[in-house]
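> Dropping the structure in here first, questions after.
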Amino acid sequence: MLTKQKKLILSGAQQDAMRRAGQANAELMDYVRPHVKAGISTGEIDELVHRWTIDQGYRPATLGYQNYPKSCCTSINDVICHGIPDNYRLKDGDIVNVDITTVVDGWHGDQSETFLIGEVSKDKRAVTQCAFDCLYLAIDALSPGCSVSKIGETVVPEAHGRGFTVVREYVGHGLGRQFHLDPSVPHFPNRQSRIDRLYPGMCFTVEPMINAGSRYTRSDKSDGWTVRTKDGAASAQFEHSILMTEDGPEILTLTKNGPRQGHKF
Ligand code: MF3
Ligand code: CO
Ligand code: CO
């Protein structure tokens, strides 16, 4: 095994620290979820995230990360990822991804869910369902020592089979004492992901971004963060933090009250 990969393998105690970070993050998601309704502003969601995190003695990883200004990302409709919470109020027909990352004793938990606000279009519901199903199908495809490309090999045919596309510019990542680590975890197969392997003791995210239209993206020049679909079609995403064990993938960010594998939106 390459030494570059060896250092990504956590000891038992470090794995337990990642379990605690994942569970804290999941608890935060359970706390926030009931508030994600028509009428709340994304800035108010961010305040809830920030307050809860600080009150627990944790830290939101996004706040100040490469000068990112908020404690979570809120990505609405055609926003793929990295939407900045502001005074926009959620309204009937929106879909919104809330992505939260908590640092507990220096270790990171990272997850997101997409929420349907009131009655949404068929397309928005279907793309949200697709992103959710792709997340769990990709996790199920993993086994100890498998290549990272298993994820892309699962996600791409599933999304394309439903008439949707997979974002390539933004990817999952190794996770641990840092927010973004090797390996890069693309949701499409490429040369590097066929080489990189997921050994027991490694932590990483799976976070497919699925577009209802074309896969292409454009970045907002004014805020430097918001990433939208080029064609304006809707995009959805779900994310979990994963620990590979000798027995297979363990989801570190499972929530008590959130949608479970097989959920129909
Ligand atoms: N949470 C995102 C991820 O899943 C990263 C957000 S970085 C930020 O990797 F700076 F935009 F917040
Ligand atoms: Co992530
Ligand atoms: Co995230």
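Identifiers in this document derive from the order of the structure tokens: chains are assigned A, B, ..., residues are numbered from 1 separately in each chain, and ligands are numbered from 1 in order of occurrence.
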Can you tell me which residues surround Arg125 (chain A) at a distance of at most 9 Å, considering only C-alpha atoms, apart from same-chain residues fewer than 4 positions away, and format the answer as a PyMOL selection string?

chain A and resi 95+116+120-121+129-130+265

> Let me see the file: selected residues, C-alpha atoms, as a PDB file, in the first residue's frame.


```pdb
ATOM      1  CA  ILE A  95     -36.110  22.346  -2.868  1.00  0.00           C
ATOM      2  CA  LEU A 116     -38.960  19.540  -0.389  1.00  0.00           C
ATOM      3  CA  VAL A 120     -42.839  20.716  -5.581  1.00  0.00           C
ATOM      4  CA  SER A 121     -42.751  19.930  -9.307  1.00  0.00           C
ATOM      5  CA  GLN A 129     -35.321  10.949  -5.030  1.00  0.00           C
ATOM      6  CA  CYS A 130     -32.538  10.125  -7.470  1.00  0.00           C
ATOM      7  CA  PHE A 265     -40.253  11.470  -1.207  1.00  0.00           C
TER       8      PHE A 265
END
```

> As a list in words, please: the residues near Arg20 (chain A) (cut-off 10 Å, only C-alpha atoms, same-chain neighbours under 3 positions excluded).

Gln14, Gln15, Asp16, Ala17, Gln23, Ala24, Asn25, Ala26, Val103, Val104, Asp105, Trp107, His108, Gly109, Leu252 and Thr253 of chain A

> Per residue of chain A within 6 Å of ligand 2, what are the shortest atom pair and its distance in Å to one decimal, counting only C-alpha atoms and all ligand atoms, with rows by chain and residue number, as JSON lines?


```
{"residue": "A:Asp110", "atom": "CA", "partner": "ligand 2", "partner_atom_place_in_ligand_line": "1 (Co)", "distance": 5.5}
{"residue": "A:Gly172", "atom": "CA", "partner": "ligand 2", "partner_atom_place_in_ligand_line": "1 (Co)", "distance": 5.5}
{"residue": "A:Thr205", "atom": "CA", "partner": "ligand 2", "partner_atom_place_in_ligand_line": "1 (Co)", "distance": 5.6}
```

> Please, which residues in chain A fall within 9 Å of ligand 3 when counting only C-alpha atoms and all ligand atoms, and what is the closest atom pair and distance in Å to one decimal for each, ordered by chain then residue number, as JSON lines?


```
{"residue": "A:Thr62", "atom": "CA", "partner": "ligand 3", "partner_atom_place_in_ligand_line": "1 (Co)", "distance": 9.0}
{"residue": "A:Cys72", "atom": "CA", "partner": "ligand 3", "partner_atom_place_in_ligand_line": "1 (Co)", "distance": 8.5}
{"residue": "A:Cys73", "atom": "CA", "partner": "ligand 3", "partner_atom_place_in_ligand_line": "1 (Co)", "distance": 8.0}
{"residue": "A:Cys81", "atom": "CA", "partner": "ligand 3", "partner_atom_place_in_ligand_line": "1 (Co)", "distance": 8.9}
{"residue": "A:His82", "atom": "CA", "partner": "ligand 3", "partner_atom_place_in_ligand_line": "1 (Co)", "distance": 8.9}
{"residue": "A:Val98", "atom": "CA", "partner": "ligand 3", "partner_atom_place_in_ligand_line": "1 (Co)", "distance": 8.5}
{"residue": "A:Asp99", "atom": "CA", "partner": "ligand 3", "partner_atom_place_in_ligand_line": "1 (Co)", "distance": 4.8}
{"residue": "A:Ile100", "atom": "CA", "partner": "ligand 3", "partner_atom_place_in_ligand_line": "1 (Co)", "distance": 5.8}
{"residue": "A:Thr101", "atom": "CA", "partner": "ligand 3", "partner_atom_place_in_ligand_line": "1 (Co)", "distance": 6.1}
{"residue": "A:Gly109", "atom": "CA", "partner": "ligand 3", "partner_atom_place_in_ligand_line": "1 (Co)", "distance": 8.5}
{"residue": "A:Asp110", "atom": "CA", "partner": "ligand 3", "partner_atom_place_in_ligand_line": "1 (Co)", "distance": 4.8}
{"residue": "A:Gln111", "atom": "CA", "partner": "ligand 3", "partner_atom_place_in_ligand_line": "1 (Co)", "distance": 4.8}
{"residue": "A:Ser112", "atom": "CA", "partner": "ligand 3", "partner_atom_place_in_ligand_line": "1 (Co)", "distance": 5.7}
{"residue": "A:Gly172", "atom": "CA", "partner": "ligand 3", "partner_atom_place_in_ligand_line": "1 (Co)", "distance": 8.4}
{"residue": "A:Thr205", "atom": "CA", "partner": "ligand 3", "partner_atom_place_in_ligand_line": "1 (Co)", "distance": 8.1}
{"residue": "A:Glu207", "atom": "CA", "partner": "ligand 3", "partner_atom_place_in_ligand_line": "1 (Co)", "distance": 7.5}
{"residue": "A:Phe238", "atom": "CA", "partner": "ligand 3", "partner_atom_place_in_ligand_line": "1 (Co)", "distance": 8.7}
{"residue": "A:Glu239", "atom": "CA", "partner": "ligand 3", "partner_atom_place_in_ligand_line": "1 (Co)", "distance": 6.4}
{"residue": "A:His240", "atom": "CA", "partner": "ligand 3", "partner_atom_place_in_ligand_line": "1 (Co)", "distance": 8.1}
{"residue": "A:Ser241", "atom": "CA", "partner": "ligand 3", "partner_atom_place_in_ligand_line": "1 (Co)", "distance": 8.7}
```

> When DSSP works through the backbone of this structure, what residues of region 14-231 of chain A end up as helix (DSSP H, G or I), shown as number ranges by chain?

A: 14-35, 42-55, 65-67, 122-140, 149-161, 191-195
